[in-house]
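Visitor: Compact mmCIF, C-alpha atoms, saved as final-v6.txt, coming up:
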# COMPACT_ATOMS: atom_id res chain seq x y z
CA MET A 14 4.74 13.81 12.95
CA LYS A 15 4.76 17.55 12.29
CA ARG A 16 4.18 19.44 9.05
CA VAL A 17 5.49 22.96 8.52
CA VAL A 18 5.96 25.24 5.51
CA LEU A 19 9.40 26.62 4.72
CA ARG A 20 9.93 29.52 2.34
CA THR A 21 13.59 28.82 1.64
CA ALA A 22 15.02 25.29 1.63
CA ALA A 23 18.66 26.13 0.81
CA ALA A 24 19.82 25.77 4.39
CA LEU A 25 18.09 22.42 4.73
CA LEU A 26 19.65 21.07 1.56
CA ALA A 27 23.12 21.78 2.93
CA ALA A 28 22.48 20.22 6.31
CA VAL A 29 23.86 16.82 7.21
CA LEU A 30 22.42 14.71 10.00
CA ILE A 31 25.03 13.74 12.56
CA LEU A 32 23.61 12.41 15.80
CA PRO A 33 25.69 10.88 18.59
CA GLY A 34 25.24 7.20 19.25
CA LYS A 35 24.20 5.84 22.63
CA ALA A 36 26.54 2.89 22.87
CA GLY A 37 28.98 4.44 25.33
CA ALA A 38 32.72 4.06 24.97
CA VAL A 39 34.24 1.60 22.54
CA SER A 40 37.86 0.51 22.44
CA ALA A 41 38.30 1.38 18.78
CA GLN A 42 40.44 4.31 17.76
CA LYS A 43 37.93 4.94 14.96
CA ALA A 44 34.43 3.51 14.49
CA ILE A 45 31.09 3.90 12.76
CA LEU A 46 27.68 2.21 12.83
CA MET A 47 25.52 2.84 9.76
CA ASP A 48 22.05 1.88 8.61
CA ALA A 49 22.74 0.37 5.19
CA GLN A 50 19.44 1.29 3.51
CA THR A 51 19.32 4.97 4.44
CA GLY A 52 22.97 5.70 5.18
CA ARG A 53 22.04 7.13 8.57
CA VAL A 54 24.96 7.11 10.99
CA LEU A 55 23.86 5.78 14.38
CA TYR A 56 27.27 6.05 16.03
CA GLU A 57 30.63 7.41 15.01
CA LYS A 58 34.05 8.07 16.49
CA ASP A 59 36.71 9.82 14.40
CA ALA A 60 35.12 8.19 11.36
CA ASP A 61 36.82 10.38 8.71
CA SER A 62 40.48 10.03 9.71
CA ARG A 63 42.57 8.12 7.19
CA SER A 64 44.07 4.84 8.35
CA LEU A 65 45.81 1.73 7.14
CA ILE A 66 43.06 -0.84 6.62
CA ALA A 67 44.93 -4.16 6.22
CA SER A 68 42.84 -7.02 4.80
CA THR A 69 39.53 -5.12 4.86
CA THR A 70 40.96 -3.88 1.52
CA LYS A 71 39.73 -7.19 0.15
CA ILE A 72 36.13 -5.98 0.37
CA MET A 73 36.89 -3.70 -2.59
CA THR A 74 38.85 -6.44 -4.37
CA ALA A 75 35.99 -8.92 -4.04
CA LEU A 76 33.39 -6.37 -5.12
CA ILE A 77 35.22 -5.58 -8.36
CA ILE A 78 35.63 -9.28 -9.17
CA CYS A 79 31.92 -9.90 -8.51
CA GLU A 80 30.91 -6.98 -10.73
CA GLN A 81 33.38 -7.30 -13.60
CA CYS A 82 34.12 -11.02 -13.92
CA ASN A 83 32.30 -14.33 -14.23
CA VAL A 84 33.15 -16.06 -10.96
CA LEU A 85 32.76 -19.45 -12.65
CA ASP A 86 35.75 -18.66 -14.88
CA ARG A 87 38.81 -20.79 -14.20
CA MET A 88 42.34 -19.44 -14.05
CA LYS A 89 45.80 -20.93 -13.91
CA ILE A 90 47.70 -19.51 -10.96
CA PRO A 91 50.70 -17.45 -12.16
CA LYS A 92 54.01 -17.44 -10.34
CA GLU A 93 53.44 -13.78 -9.39
CA ALA A 94 50.60 -14.90 -7.07
CA VAL A 95 52.61 -17.55 -5.23
CA GLY A 96 54.46 -16.98 -1.96
CA ILE A 97 52.92 -13.61 -1.14
CA GLU A 98 53.75 -12.46 2.39
CA GLY A 99 51.19 -12.58 5.17
CA SER A 100 48.03 -14.69 5.38
CA SER A 101 47.71 -17.19 2.56
CA MET A 102 45.63 -19.96 1.04
CA TYR A 103 48.95 -21.42 -0.19
CA LEU A 104 48.40 -21.32 -3.92
CA ARG A 105 50.66 -23.36 -6.16
CA GLU A 106 51.93 -22.14 -9.49
CA GLY A 107 50.04 -23.73 -12.34
CA GLU A 108 47.07 -25.04 -10.35
CA VAL A 109 43.66 -24.18 -11.76
CA LEU A 110 40.87 -22.73 -9.63
CA THR A 111 37.64 -20.86 -10.30
CA LEU A 112 37.39 -17.22 -9.39
CA GLN A 113 34.72 -18.16 -6.84
CA GLU A 114 37.15 -20.54 -5.15
CA LEU A 115 39.74 -17.78 -5.03
CA LEU A 116 37.12 -15.43 -3.57
CA TYR A 117 36.53 -17.94 -0.78
CA GLY A 118 40.25 -18.18 -0.18
CA MET A 119 40.55 -14.40 -0.05
CA MET A 120 37.49 -13.58 2.07
CA LEU A 121 37.42 -16.57 4.47
CA ARG A 122 41.12 -17.40 4.84
CA SER A 123 42.21 -13.82 4.00
CA GLY A 124 44.65 -15.14 1.42
CA ASN A 125 46.90 -12.38 0.14
CA ASP A 126 47.96 -14.72 -2.65
CA ALA A 127 44.34 -15.19 -3.75
CA ALA A 128 43.92 -11.40 -3.86
CA VAL A 129 46.95 -11.03 -6.15
CA ALA A 130 45.75 -13.83 -8.43
CA LEU A 131 42.31 -12.23 -8.77
CA ALA A 132 43.85 -8.80 -9.38
CA ILE A 133 46.05 -10.12 -12.19
CA TYR A 134 43.12 -11.96 -13.79
CA CYS A 135 40.85 -8.91 -13.73
CA GLY A 136 43.26 -6.00 -14.12
CA GLY A 137 46.17 -7.55 -16.00
CA THR A 138 48.59 -6.37 -13.31
CA VAL A 139 48.34 -5.44 -9.65
CA GLU A 140 48.86 -1.81 -10.66
CA GLY A 141 46.11 -2.01 -13.28
CA PHE A 142 43.73 -3.52 -10.75
CA ALA A 143 44.54 -0.80 -8.22
CA GLN A 144 43.36 1.72 -10.78
CA LEU A 145 40.04 -0.13 -10.99
CA MET A 146 39.82 0.01 -7.19
CA ASN A 147 40.38 3.77 -7.12
CA ASP A 148 37.89 4.32 -9.94
CA LYS A 149 35.26 2.41 -7.97
CA ALA A 150 36.07 4.31 -4.79
CA ARG A 151 35.50 7.62 -6.58
CA SER A 152 32.20 6.43 -8.06
CA LEU A 153 30.97 5.48 -4.56
CA GLY A 154 31.99 8.83 -3.05
CA MET A 155 34.75 7.35 -0.90
CA LYS A 156 36.56 10.66 -0.48
CA GLY A 157 39.09 9.50 2.12
CA SER A 158 40.37 6.38 0.35
CA HIS A 159 43.21 5.39 -1.97
CA PHE A 160 44.28 1.88 -2.97
CA GLU A 161 47.66 0.62 -4.12
CA ASN A 162 47.21 -3.16 -3.83
CA PRO A 163 44.41 -5.74 -3.67
CA ASN A 164 45.27 -7.30 -0.29
CA GLY A 165 45.96 -4.45 2.14
CA LEU A 166 49.64 -4.94 2.84
CA ASP A 167 50.91 -1.77 4.52
CA SER A 168 51.77 1.10 2.20
CA PRO A 169 51.75 4.86 2.93
CA GLY A 170 49.55 5.50 -0.11
CA HIS A 171 47.04 2.79 0.77
CA TYR A 172 44.37 3.96 3.19
CA SER A 173 40.69 4.48 3.91
CA THR A 174 38.36 5.67 6.66
CA ALA A 175 35.72 4.03 8.82
CA ARG A 176 33.01 5.95 6.97
CA ASP A 177 34.31 4.98 3.54
CA LEU A 178 34.52 1.30 4.51
CA ALA A 179 30.90 1.45 5.71
CA ILE A 180 29.78 3.07 2.45
CA LEU A 181 31.67 0.46 0.44
CA THR A 182 30.28 -2.45 2.46
CA ALA A 183 26.67 -1.26 2.33
CA TYR A 184 26.98 -1.14 -1.46
CA ALA A 185 28.85 -4.45 -1.74
CA MET A 186 26.30 -6.37 0.31
CA GLU A 187 23.71 -5.62 -2.38
CA ASN A 188 25.68 -7.88 -4.73
CA PRO A 189 24.36 -11.43 -4.20
CA ILE A 190 27.65 -13.16 -5.08
CA PHE A 191 29.61 -10.96 -2.69
CA ALA A 192 27.01 -11.41 0.07
CA LYS A 193 26.97 -15.19 -0.34
CA THR A 194 30.76 -15.35 -0.23
CA VAL A 195 31.27 -13.31 2.94
CA SER A 196 28.42 -15.05 4.81
CA THR A 197 29.88 -18.54 4.19
CA LYS A 198 31.22 -20.08 7.38
CA THR A 199 33.12 -23.04 5.97
CA VAL A 200 33.84 -24.38 2.48
CA ARG A 201 36.10 -26.87 0.73
CA VAL A 202 38.32 -25.73 -2.13
CA GLY A 203 39.90 -28.88 -3.54
CA GLU A 204 41.85 -30.42 -0.69
CA ARG A 205 41.67 -27.19 1.31
CA SER A 206 39.12 -26.75 4.11
CA LEU A 207 38.49 -23.05 4.69
CA GLN A 208 36.85 -21.55 7.76
CA ASN A 209 35.77 -17.92 7.96
CA HIS A 210 37.88 -15.81 10.34
CA ASN A 211 34.83 -13.67 11.19
CA LYS A 212 33.72 -14.93 14.63
CA LEU A 213 30.58 -12.79 14.54
CA LEU A 214 29.01 -15.25 12.10
CA TRP A 215 28.72 -17.60 15.06
CA ARG A 216 28.30 -15.06 17.88
CA LEU A 217 25.95 -12.31 16.66
CA GLU A 218 22.29 -12.75 15.72
CA GLY A 219 21.77 -11.95 12.05
CA ALA A 220 25.48 -11.56 11.24
CA ASP A 221 26.21 -12.20 7.55
CA GLY A 222 29.71 -10.76 6.93
CA VAL A 223 32.07 -9.16 6.26
CA LYS A 224 35.89 -9.06 6.79
CA THR A 225 38.64 -9.04 9.38
CA GLY A 226 42.00 -7.32 9.02
CA TYR A 227 45.27 -7.03 10.91
CA THR A 228 48.80 -5.82 10.51
CA LYS A 229 51.11 -4.65 13.28
CA ALA A 230 51.00 -1.09 11.94
CA ALA A 231 47.24 -0.99 11.30
CA GLY A 232 46.07 -2.88 14.37
CA ARG A 233 42.92 -4.97 14.45
CA ILE A 234 40.26 -3.87 11.94
CA LEU A 235 36.81 -5.37 11.58
CA VAL A 236 33.93 -4.69 9.20
CA SER A 237 30.68 -6.46 10.00
CA SER A 238 27.12 -6.68 8.69
CA ALA A 239 23.98 -7.98 10.36
CA VAL A 240 20.33 -8.19 9.30
CA ARG A 241 17.28 -8.34 11.56
CA ASP A 242 13.68 -8.01 10.37
CA GLY A 243 14.90 -7.05 6.91
CA ARG A 244 17.05 -4.19 8.19
CA ARG A 245 20.83 -4.20 7.68
CA LEU A 246 23.41 -2.44 9.85
CA ILE A 247 27.08 -2.02 8.95
CA CYS A 248 29.74 -1.60 11.64
CA VAL A 249 33.41 -0.68 11.19
CA THR A 250 36.10 -0.46 13.85
CA ILE A 251 39.74 0.49 13.24
CA ASN A 252 42.63 -0.25 15.61
CA ASP A 253 40.40 -1.98 18.13
CA GLY A 254 41.80 -4.57 20.53
CA ASN A 255 38.28 -5.46 21.69
CA ASP A 256 36.60 -5.55 18.31
CA TRP A 257 34.33 -8.61 18.68
CA GLN A 258 32.71 -7.23 21.83
CA ASP A 259 32.51 -3.69 20.43
CA HIS A 260 30.72 -4.87 17.31
CA GLU A 261 28.25 -6.89 19.35
CA LYS A 262 27.56 -3.88 21.58
CA LEU A 263 27.18 -1.42 18.71
CA MET A 264 24.95 -3.74 16.71
CA GLU A 265 22.67 -4.42 19.68
CA MET A 266 22.41 -0.68 20.32
CA GLY A 267 21.57 0.04 16.70
CA PHE A 268 18.86 -2.58 16.43
CA SER A 269 17.28 -1.93 19.82
CA GLN A 270 17.40 1.87 20.08
CA TYR A 271 16.57 2.79 16.48
CA GLN A 272 13.52 1.47 14.66
CA MET A 273 12.67 1.92 10.99
CA GLN A 274 9.68 4.25 10.64
CA GLN A 275 7.48 4.81 7.59
CA ILE A 276 7.40 8.60 7.49
CA VAL A 277 5.79 9.24 4.10
CA THR A 278 3.75 6.91 1.88
CA LYS A 279 3.12 7.51 -1.81
CA GLY A 280 -0.26 9.15 -2.31
CA GLN A 281 -0.33 10.53 1.23
CA LYS A 282 -1.59 14.09 1.69
CA VAL A 283 1.26 16.06 3.24
CA GLY A 284 -0.18 19.56 2.98
CA THR A 285 -2.02 22.09 0.84
CA VAL A 286 -1.07 25.10 -1.24
CA SER A 287 -3.12 28.26 -1.81
CA VAL A 288 -4.25 28.75 -5.43
CA LEU A 289 -4.59 32.32 -6.64
CA SER A 290 -7.16 33.20 -9.35
CA GLY A 291 -8.48 29.65 -9.25
CA GLU A 292 -11.95 28.14 -9.06
CA ALA A 293 -10.83 26.64 -5.75
CA ASP A 294 -8.81 28.39 -3.06
CA GLU A 295 -6.31 25.57 -2.51
CA ALA A 296 -5.00 22.25 -3.81
CA GLU A 297 -3.82 19.21 -1.93
CA LEU A 298 -0.14 18.23 -2.09
CA LEU A 299 0.40 14.48 -2.34
CA ALA A 300 3.63 12.55 -1.86
CA ASP A 301 4.87 10.95 -5.08
CA GLY A 302 7.10 8.44 -3.30
CA ASP A 303 7.76 6.58 -0.05
CA PHE A 304 10.24 7.53 2.65
CA GLU A 305 11.30 5.55 5.70
CA PHE A 306 14.05 6.26 8.17
CA PRO A 307 15.41 4.82 11.44
CA LEU A 308 14.39 6.89 14.48
CA SER A 309 14.97 6.61 18.20
CA LYS A 310 12.04 6.86 20.60
CA GLU A 311 13.00 10.44 21.45
CA GLU A 312 13.00 11.66 17.84
CA GLU A 313 10.16 13.07 15.78
CA ALA A 314 10.22 13.60 12.03
CA LYS A 315 8.90 16.81 10.47
CA ILE A 316 7.65 17.20 6.92
CA VAL A 317 8.75 20.57 5.58
CA ILE A 318 7.17 21.90 2.38
CA SER A 319 9.34 24.41 0.55
CA GLY A 320 8.13 27.32 -1.55
CA SER A 321 6.09 30.49 -1.21
CA GLY A 322 2.92 28.76 -0.02
CA PHE A 323 0.86 29.74 -3.07
CA VAL A 324 0.63 29.10 -6.83
CA TYR A 325 -1.32 30.68 -9.68
CA ALA A 326 -4.14 28.81 -11.42
CA PRO A 327 -4.44 26.68 -13.38
CA VAL A 328 -2.86 23.61 -11.77
CA ALA A 329 -3.25 20.07 -13.07
CA GLN A 330 -3.82 16.96 -11.01
CA GLY A 331 -0.66 14.86 -10.93
CA ALA A 332 1.61 17.69 -12.07
CA GLU A 333 4.90 18.26 -10.25
CA ALA A 334 4.47 20.47 -7.18
CA GLY A 335 7.95 20.67 -5.64
CA TYR A 336 9.31 18.66 -2.73
CA ALA A 337 8.62 17.79 0.87
CA TYR A 338 11.76 17.69 2.99
CA ILE A 339 11.96 15.28 5.91
CA CYS A 340 13.73 16.77 8.92
CA ILE A 341 14.86 15.59 12.34
CA GLY A 342 15.39 18.60 14.52
CA ASP A 343 16.87 21.23 12.21
CA LYS A 344 18.59 18.71 9.92
CA THR A 345 17.29 17.43 6.59
CA VAL A 346 17.53 13.67 6.09
CA GLY A 347 15.70 13.26 2.77
CA LYS A 348 13.10 14.58 0.36
CA VAL A 349 10.05 13.28 -1.49
CA PRO A 350 8.61 14.76 -4.72
CA LEU A 351 5.11 16.23 -4.53
CA VAL A 352 2.23 16.35 -7.02
CA TYR A 353 -1.06 18.25 -6.99
CA GLY A 354 -3.99 16.22 -5.72
CA GLN A 355 -6.57 17.77 -8.02
CA THR A 356 -7.00 20.10 -10.97
CA VAL A 357 -7.87 23.72 -10.22
CA GLU A 358 -9.01 25.68 -13.26
CA LEU A 359 -8.62 29.42 -13.76
CA GLU A 360 -11.53 31.35 -12.24
CA LYS A 361 -14.27 32.14 -14.83
CA ASP A 362 -13.95 35.94 -14.56
CA GLU A 363 -10.23 35.57 -14.99
CA LYS A 364 -10.80 33.50 -18.14
CA LYS A 365 -12.94 36.30 -19.59
CA TYR A 366 -10.29 38.86 -18.75
CA HIS A 367 -7.56 36.83 -20.42
CA PHE A 368 -9.74 36.26 -23.52
CA TRP A 369 -10.49 39.98 -24.13
CA SER A 370 -6.97 40.97 -23.15
CA LYS A 371 -5.59 38.63 -25.78
CA TRP A 372 -7.80 40.00 -28.62
CA PHE A 373 -8.04 43.68 -27.74
CA GLY A 374 -4.97 44.34 -25.68
CA GLY A 375 -6.92 45.28 -22.61
CA GLY A 376 -5.39 45.36 -19.19
CA ALA A 377 -1.86 45.94 -18.14
Would you mind writing the file out in structure tokens?
Guide:
Amino acid sequence: MKRVVLRTAAALLAAVLILPGKAGAVSAQKAILMDAQTGRVLYEKDADSRSLIASTTKIMTALIICEQCNVLDRMKIPKEAVGIEGSSMYLREGEVLTLQELLYGMMLRSGNDAAVALAIYCGGTVEGFAQLMNDKARSLGMKGSHFENPNGLDSPGHYSTARDLAILTAYAMENPIFAKTVSTKTVRVGERSLQNHNKLLWRLEGADGVKTGYTKAAGRILVSSAVRDGRRLICVTINDGNDWQDHEKLMEMGFSQYQMQQIVTKGQKVGTVSVLSGEADEAELLADGDFEFPLSKEEEAKIVISGSGFVYAPVAQGAEAGYAYICIGDKTVGKVPLVYGQTVELEKDEKKYHFWSKWFGGGA
């Protein structure tokens, strides 16, 4: 690990790390592989182009229900949620189910009717719920997304991107109710026996979600999550006729070729700064936080300390001392606040000067 001093950090702040993945060709028209904890992109292919997203829409629907409703609430199924086109859990008007049961029907069976029922319960109307979806998308920074319905039926104004779906999923998997729902392989809802459409739950080590999607116009879409050794990766493919194999290949690449590295530990000395007019010539700079990041074997992290390289005495131990920027190549991937490691008082002669200057106006 290298440490360097940088006088101006503006260029680093604007930089965004984009490194090519090493998985080779995938069949997907658009794809991304992301480390969920850090947001680092390990592979991408046309990840910011807007696309129809079919039933992967239901990731957003489920997230909003998990955050805004009590999933143990029971609801009577309205006629507006019965007979919805496409995949269905075959709801009947007037039957009573819990929101959790409807979540299972939506996320395992991909029931479009369950999505409409949940939307009406939470948002009053499908249109009202769509507004909640768009509000959430904005709050998560999903800049390439817009939602018009809770189930993903094709609509020109209903779209997202591979990157946005990865951002959404990384956030959603932090919700324990959402994570439990999408990782469930089979469940009974009354007389219904539901099996998850996500084959990766059986095929991929550590797989714990998330959602399949398909319409003729959108093609096959798959969003997956897997955890190994406490590290979660999110994979998204759009319009991919070979999605199961592509997700397995991308996930294996991500876990094997990139390892999480502890780059900075709180309390670690990351450098020094010269102290002018002080009783000591320099002060240690200590990290005031931890930072870890996934790196390949070929990569080396640098710790870059911004600023002029000197400060004027006095400085106080534990006081804020700027930031250390963590870089890979010439790209910044994060920052950690710094504090001074010790107190450095003003030099004694300087104290005398300041005393007489204050009382008699000496010095300029």
Visitor: Which residues of segment 84-181 of chain A come within 8 Å of segment 66-71 of chain A, and what is each one's closest atom pair and distance in Å (one decimal), counting all atoms listed in the file, sorted by chain and residue number, as JSON lines?
Guide:
{"residue": "A:Met119", "atom": "CA", "partner": "A:Lys71", "partner_atom": "CA", "distance": 7.3}
{"residue": "A:Met120", "atom": "CA", "partner": "A:Lys71", "partner_atom": "CA", "distance": 7.0}
{"residue": "A:Ser123", "atom": "CA", "partner": "A:Ser68", "partner_atom": "CA", "distance": 6.9}
{"residue": "A:Ala128", "atom": "CA", "partner": "A:Lys71", "partner_atom": "CA", "distance": 7.2}
{"residue": "A:Pro163", "atom": "CA", "partner": "A:Lys71", "partner_atom": "CA", "distance": 6.2}
{"residue": "A:Asn164", "atom": "CA", "partner": "A:Lys71", "partner_atom": "CA", "distance": 5.6}
{"residue": "A:Gly165", "atom": "CA", "partner": "A:Ala67", "partner_atom": "CA", "distance": 4.2}
{"residue": "A:Leu166", "atom": "CA", "partner": "A:Ala67", "partner_atom": "CA", "distance": 5.8}
{"residue": "A:Asp167", "atom": "CA", "partner": "A:Ala67", "partner_atom": "CA", "distance": 6.7}
{"residue": "A:His171", "atom": "CA", "partner": "A:Ile66", "partner_atom": "CA", "distance": 8.0}
{"residue": "A:Tyr172", "atom": "CA", "partner": "A:Ile66", "partner_atom": "CA", "distance": 6.0}
{"residue": "A:Ser173", "atom": "CA", "partner": "A:Ile66", "partner_atom": "CA", "distance": 6.4}
Visitor: Could you list, with a cut-off of 12 Å and counting all atoms listed in the file, the residues of segment 170-242 of chain A near segment 101-104 of chain A, each shown with its nearest atom pair and the distance in Å rounded to one decimal, rows sorted by chain and ascending number, as a Markdown table?
Guide:
| residue | atom | partner | partner_atom | distance |
| --- | --- | --- | --- | --- |
| A:Arg201 | CA | A:Met102 | CA | 11.8 |
| A:Val202 | CA | A:Met102 | CA | 9.8 |
| A:Gly203 | CA | A:Leu104 | CA | 11.4 |
| A:Glu204 | CA | A:Met102 | CA | 11.3 |
| A:Arg205 | CA | A:Met102 | CA | 8.2 |
| A:Ser206 | CA | A:Met102 | CA | 9.9 |
| A:Leu207 | CA | A:Met102 | CA | 8.6 |
| A:Gln208 | CA | A:Met102 | CA | 11.2 |
Visitor: Emit the selected residues as a compact mmCIF listing (two decimals), in the frame of the given file, including C-alpha atoms.
Guide:
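The result, written out as result_9.txt:
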# COMPACT_ATOMS: atom_id res chain seq x y z
CA ARG A 201 36.10 -26.87 0.73
CA VAL A 202 38.32 -25.73 -2.13
CA GLY A 203 39.90 -28.88 -3.54
CA GLU A 204 41.85 -30.42 -0.69
CA ARG A 205 41.67 -27.19 1.31
CA SER A 206 39.12 -26.75 4.11
CA LEU A 207 38.49 -23.05 4.69
CA GLN A 208 36.85 -21.55 7.76
Visitor: What gap, in Å, lies between atom CA of Gly354 of chain A and atom CA of Ser321 of chain A?
Guide: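 Interatomic distance, atom CA of Gly354 of chain A to atom CA of Ser321 of chain A: 18.0 Å.
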Visitor: Give me the segment 168-246 of chain A side of the contact with segment 75-89 of chain A, cut-off 8 Å, one line per residue showing its nearest atom pair and distance in Å at one decimal, counting only C-alpha atoms, sorted by chain and residue number, as a Markdown table.
Guide:
| residue | atom | partner | partner_atom | distance |
| --- | --- | --- | --- | --- |
| A:Ala185 | CA | A:Leu76 | CA | 6.0 |
| A:Asn188 | CA | A:Cys79 | CA | 7.6 |
| A:Ile190 | CA | A:Cys79 | CA | 6.4 |
| A:Phe191 | CA | A:Cys79 | CA | 6.4 |
Visitor: Any chance you can output those residues with C-alpha atoms as a PDB file, in the frame of the given file?
Guide:
ATOM      1  CA  ALA A 185      28.850  -4.450  -1.740  1.00  0.00           C
ATOM      2  CA  ASN A 188      25.680  -7.880  -4.730  1.00  0.00           C
ATOM      3  CA  ILE A 190      27.650 -13.160  -5.080  1.00  0.00           C
ATOM      4  CA  PHE A 191      29.610 -10.960  -2.690  1.00  0.00           C
TER       5      PHE A 191
END
Visitor: Using all atoms listed in the file, can you tell me which of A:Thr74, A:Thr345, A:Ser309, A:Thr356 comes closest to Gln330 of chain A?
Guide: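 The shortest atom-to-atom distance to Gln330 of chain A comes from A:Thr356.
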Visitor: If you count only C-alpha atoms, which residues fall within 12 Å of Glu140 of chain A, apart from same-chain ones fewer than 4 positions away, as a list in words?
Guide: Val129, Ala132, Ile133, Cys135, Gly136, Gln144, Leu145, Met146, Asn147, Phe160, Glu161, Asn162 and Pro163 of chain A
Visitor: Emit the selected residues as a CSV table (one decimal), in the coordinates of the input, including C-alpha atoms.
Guide:
chain,number,residue,atom,x,y,z
A,129,VAL,CA,47.0,-11.0,-6.2
A,132,ALA,CA,43.8,-8.8,-9.4
A,133,ILE,CA,46.0,-10.1,-12.2
A,135,CYS,CA,40.8,-8.9,-13.7
A,136,GLY,CA,43.3,-6.0,-14.1
A,144,GLN,CA,43.4,1.7,-10.8
A,145,LEU,CA,40.0,-0.1,-11.0
A,146,MET,CA,39.8,0.0,-7.2
A,147,ASN,CA,40.4,3.8,-7.1
A,160,PHE,CA,44.3,1.9,-3.0
A,161,GLU,CA,47.7,0.6,-4.1
A,162,ASN,CA,47.2,-3.2,-3.8
A,163,PRO,CA,44.4,-5.7,-3.7
Visitor: Quote the spacing between atom CA of Val236 of chain A and atom CA of Tyr271 of chain A in Å to one decimal place.
Guide: 20.3 Å
Visitor: State, in Å with one decimal place, the distance from atom CA of Thr138 of chain A to atom CA of Met73 of chain A.
Guide: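 The value is 16.1 Å.
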Visitor: Using all atoms listed in the file, find the one residue out of A:Leu65, A:Leu112, A:Val200, A:Phe268 that sits nearest to Ser158 of chain A.
Guide: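 Under the stated criterion, the closest residue is A:Leu65.
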Visitor: Please determine, counting all atoms listed in the file, which residue among A:Tyr227, A:Trp215, A:Phe304, A:Tyr184 has the shortest atom-to-atom distance to Val346 of chain A.
Guide: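 Checking each of A:Tyr227, A:Trp215, A:Phe304, A:Tyr184 against Val346 of chain A, counting all atoms listed in the file, the winner is A:Phe304.
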Visitor: Choose the residue, out of A:Ala94, A:Val277, A:Val288, A:Ala293, that has the smallest atom-to-atom separation from Ile316 of chain A; count all atoms listed in the file.
Guide: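 Selected residue with least distance to Ile316 of chain A: A:Val277.
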Visitor: Show me, as an mmCIF file with C-alpha atoms, in the frame of the given file, the residues that have an atom within 7 Å of segment 249-261 of chain A when counting all atoms listed in the file, minus same-chain residues fewer than 2 positions from it.
Guide:
data_model
loop_
_atom_site.group_PDB
_atom_site.id
_atom_site.type_symbol
_atom_site.label_atom_id
_atom_site.label_comp_id
_atom_site.auth_asym_id
_atom_site.auth_seq_id
_atom_site.Cartn_x
_atom_site.Cartn_y
_atom_site.Cartn_z
ATOM 1 C CA VAL A 39 34.240 1.600 22.540
ATOM 2 C CA SER A 40 37.860 0.510 22.440
ATOM 3 C CA ALA A 41 38.300 1.380 18.780
ATOM 4 C CA GLN A 42 40.440 4.310 17.760
ATOM 5 C CA LYS A 43 37.930 4.940 14.960
ATOM 6 C CA ALA A 44 34.430 3.510 14.490
ATOM 7 C CA ILE A 45 31.090 3.900 12.760
ATOM 8 C CA LEU A 46 27.680 2.210 12.830
ATOM 9 C CA ALA A 175 35.720 4.030 8.820
ATOM 10 C CA ALA A 179 30.900 1.450 5.710
ATOM 11 C CA LEU A 213 30.580 -12.790 14.540
ATOM 12 C CA LEU A 217 25.950 -12.310 16.660
ATOM 13 C CA ALA A 231 47.240 -0.990 11.300
ATOM 14 C CA GLY A 232 46.070 -2.880 14.370
ATOM 15 C CA ARG A 233 42.920 -4.970 14.450
ATOM 16 C CA ILE A 234 40.260 -3.870 11.940
ATOM 17 C CA LEU A 235 36.810 -5.370 11.580
ATOM 18 C CA VAL A 236 33.930 -4.690 9.200
ATOM 19 C CA SER A 237 30.680 -6.460 10.000
ATOM 20 C CA ILE A 247 27.080 -2.020 8.950
ATOM 21 C CA LEU A 263 27.180 -1.420 18.710
ATOM 22 C CA MET A 264 24.950 -3.740 16.710
ATOM 23 C CA GLU A 265 22.670 -4.420 19.680
#
Visitor: Between A:Leu181, A:Ala60, A:Ala239, A:Ala337, which residue has the minimum interatomic distance to Lys282 of chain A, considering only C-alpha atoms?
Guide: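 Residue with the minimum atom-to-atom distance to Lys282 of chain A: A:Ala337.
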Visitor: Looking at all atoms listed in the file, which of A:Ala183, A:Gln272, A:Asn125, A:Glu114 is the one that sits closest to Lys310 of chain A?
Guide: A:Gln272
